[in-house]
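Beneath this line is the structure, given in structure tokens, with notes to follow.
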Amino acid sequence: MTITSWAEPYKIKMVELIRMTSRQEREKAIREAGFNTFLLKSEDVYIDLLTDSGVGAMSDRQWAGMMTGDEAYAGSRNFYHLEETIRSCYGYKYTLPTHQGRGAEHILSKIMIKPGDYVPGNMYFTTTRLHQELAGATFVDVIIDEAHDPVSDHPFKGNVDLAKVTALIERVGAEKIPYICVATCVNMAGGQPISLANLRALRELCDASGIKIMHDMTRVAENVFFIQQREEGYRDKTVAEITHELCSLTDGATMSAKKDAMVNIGGFLALNDEILYEQACEQVVIYEGLHTYGGMAGRDMEALAIGIRESLCDDHMRARIGQVEYLGKKLIDAGVPIVRPIGGHAIFLDARAILPHLSQAQFPAQALAAALYVESGVRTMERGIVSAGRNPETGANYGSRLELVRMTIPRRVYTQSHMDVAAEAVIDLMERAEQIRGLEFTYEPSCLRFFMGRFKTVA
Ligand code: P61
């Protein structure tokens with residue numbers, strides 16, 4: 001017998017109770033949160049699809065690993081285990097643990113960027129671009145155009161447009177481009193993968209111009225799963241094998257370990273170049289901690305080392321992506337406009353299409369996320385013009401063609417029934433979408449405004 005349906009490659013040993021609230025309670029909660037789902041108390045949330053970051057369920061092995069934490073200030077054995085794991089799974093020579101992904105981005109930006117530089121990337125990520133800007137660089141989007149189109153079903157919407165990179169090199173000169181930041185499974189594009197063929201071609205271009213490739217590997221395993229499923233020649237290779245090949249095309253990486261690797265906190269900067277590593281060590285001891293723990297406890301480094309290996313198991317990835325697809329297909333079948341193809345870590349609702357009566361200046365995705373919470377207790381996140389923020393030099397809003405609400409699926413946390421409820425909530429809300437009102441800021445922070453900004457409904 002060949003079984004074609006998939007099931008989670010684990011069983012549940014412990015559960016965390018959650019609570020449904022009343023509509024009245026949720027209306028009060030969202031008002032108190034300034035219509036920002038980041039400002040809700042988690043106790044007031046029923047199904048939490050805000051993020052997949054730091055909210056995964058660790059395995060029994062990871063928890064057992066926590067008990068073997070060596071909390072020595074220097075030279076913790078868990079650091080050496082982590083370093084060895086990163087070397088063998090990803091191939092990067094040197095590892096510096098950081099408190100989370102943005103800690104690694106901060107160090108990388110500080111050691112590689114000079115004021116006046118340009119850093120191209122396959123779409124911006126909020127914290128990544130901010131650290132580049134704080135170091136004096138200008139970010140340049142070089143992702144293919146299809147990535148900005150929610151209905152394009154290009155299989156590798158994370159691909160870099162090599163013509164855009166070449167044009168940038170011609171415009172500013174390669175010496176002003178310290179590196180290109182290549183994200184795997186591009187978050188802001190909808191969890192969309194880059195192909196190995198594209199990365200290989202980029203490698204050639206960068207080698208010819210002396211530009212390094214720095215890999216935002218936060219969701220590398222998910223990207224690799226799509227390569228295995230979609231790219232010619234990879235069907236018979238394992239996720240672990242393809243991951244190694246992919247990383248070998250890059251010079252170093254930043255990682256938020258809170259996603260793929262299923263730990264609640266942590267990240268790292270990984271490098272191949274010894275001189276860069278030495279420079280990074282000098283910064284790590286200033287901003288994070290000694291180089292053998294950076295921003296992490298010994299026990300957390302142990303859980304991370306174990307989580308990395310678990311993240312690269314084929315059956316884990318099949319169930320992971322299978323669950324996201326399950327939710328996505330339900331929404332597509334019901335006619336809900338979502339970003340296509342279905343991405344790796346989340347379903348992205350197209351708020352422009354759902355709320356055509358709102359202009360982008362009325363923050364349709366922010367309004368939709370707030371309304372979905374009130375309707376159902378399901379928490380999601382705005383990923384549109386609020387997230388895009390403002391250009392620090394001109395103060396103008398960064399434009400964003402994509403105006404999305406992200407329903408992010410934590411790893412190994414929710415069941416298919418939770419997905420059913422989340423889908424039903426969206427489908428139900430679609431029927432009353434025209435009643436959803438736009439929003440305006442009552443408080444706008446100067447950077448990363450989506451985290452703590454507050455809003456009120458437009459009169
Ligand atoms: C998330 F609303 N992501 O997706 P840190 N690179 C990439 C990430 O996805 C990422 C980081 C670097 C989060 C958390 C978060 O605008 C936001 O460990 C591709 O969070 O520092 C994080 O890693 C940074 C949510 C971050 C946001 C920024 O939910």
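Residues are referred to by chain and number: the chain letter is A, B, ... according to the order shown in the structure tokens, the number counts from 1 in that chain, and ligands are numbered separately from 1 in the order shown.
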Tell me which protein, DNA and RNA residues are within 6 Å of stretch 327-344 of chain A, counting only C-alpha atoms, leaving out same-chain ones fewer than 2 positions away, and put them as a PyMOL selection string. chain A and resi 150-151+153+190-192+222+321+324-325+348-350+419
Could the residues that lie within 8 Å of ligand 1, counting only C-alpha atoms and all ligand atoms, be listed as a PyMOL selection string? chain A and resi 50-54+99-103+105+125-128+183-188+216-219+254-259+265-267+381-383+387+408+448+450-451
Option closest in space to A:Tyr80, from A:Thr138, A:Ser311, A:Thr292, A:Gln228 [counting only C-alpha atoms]: A:Thr292
Select from stretch 112-230 of chain A every residue with an atom at most 12 Å from any atom of stretch 86-97 of chain A, then for each give the shortest pair of atoms and their distance in Å to one decimal, using only C-alpha atoms, rows by chain and rising number, as JSON lines.
```
{"residue": "A:Met214", "atom": "CA", "partner": "A:Tyr92", "partner_atom": "CA", "distance": 11.5}
{"residue": "A:His215", "atom": "CA", "partner": "A:Tyr92", "partner_atom": "CA", "distance": 11.0}
{"residue": "A:Met217", "atom": "CA", "partner": "A:Tyr90", "partner_atom": "CA", "distance": 9.8}
{"residue": "A:Val220", "atom": "CA", "partner": "A:Tyr90", "partner_atom": "CA", "distance": 9.9}
{"residue": "A:Ala221", "atom": "CA", "partner": "A:Tyr90", "partner_atom": "CA", "distance": 10.6}
```
Requested write-out: C-alpha atoms of the selected residues, as a PDB file, in the first residue's frame:
```pdb
ATOM      1  CA  MET A 214      25.489  37.050   2.222  1.00  0.00           C
ATOM      2  CA  HIS A 215      22.663  34.650   2.855  1.00  0.00           C
ATOM      3  CA  MET A 217      19.116  31.780   5.851  1.00  0.00           C
ATOM      4  CA  VAL A 220      16.532  27.997   4.219  1.00  0.00           C
ATOM      5  CA  ALA A 221      14.986  24.562   4.826  1.00  0.00           C
TER       6      ALA A 221
END
```
Considering only C-alpha atoms, state which residue in the set A:Ser376, A:Gln360, A:Thr68, A:Thr85 is at the smallest distance from A:Ile306.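 Nearest to A:Ile306: A:Thr85.
Nearest residue to A:Ile169 among A:Tyr234, A:Lys157, A:Ile213, A:Tyr118 is A:Tyr118, counting only C-alpha atoms.
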Which parts of stretch 57-280 of chain A does DSSP call helix (DSSP H, G or I) when run on the backbone here, written out as a ChimeraX atom specification? /A:60-66,77-90,101-112,126-134,145-148,162-172,174-176,196-209,220-230,239-248,274-280
Interatomic distance, atom CA of A:Glu375 to atom CA of A:Ala425 (Å, one decimal):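 Going from atom CA of A:Glu375 over to atom CA of A:Ala425 covers 7.1 Å.
With atom CA of A:Pro9 on one side and atom CA of A:Asp70 on the other, the separation reads 29.7 Å.
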Using Å and a single decimal, report how far atom CA of A:Val119 sits from atom CA of A:Ile177. 5.9 Å
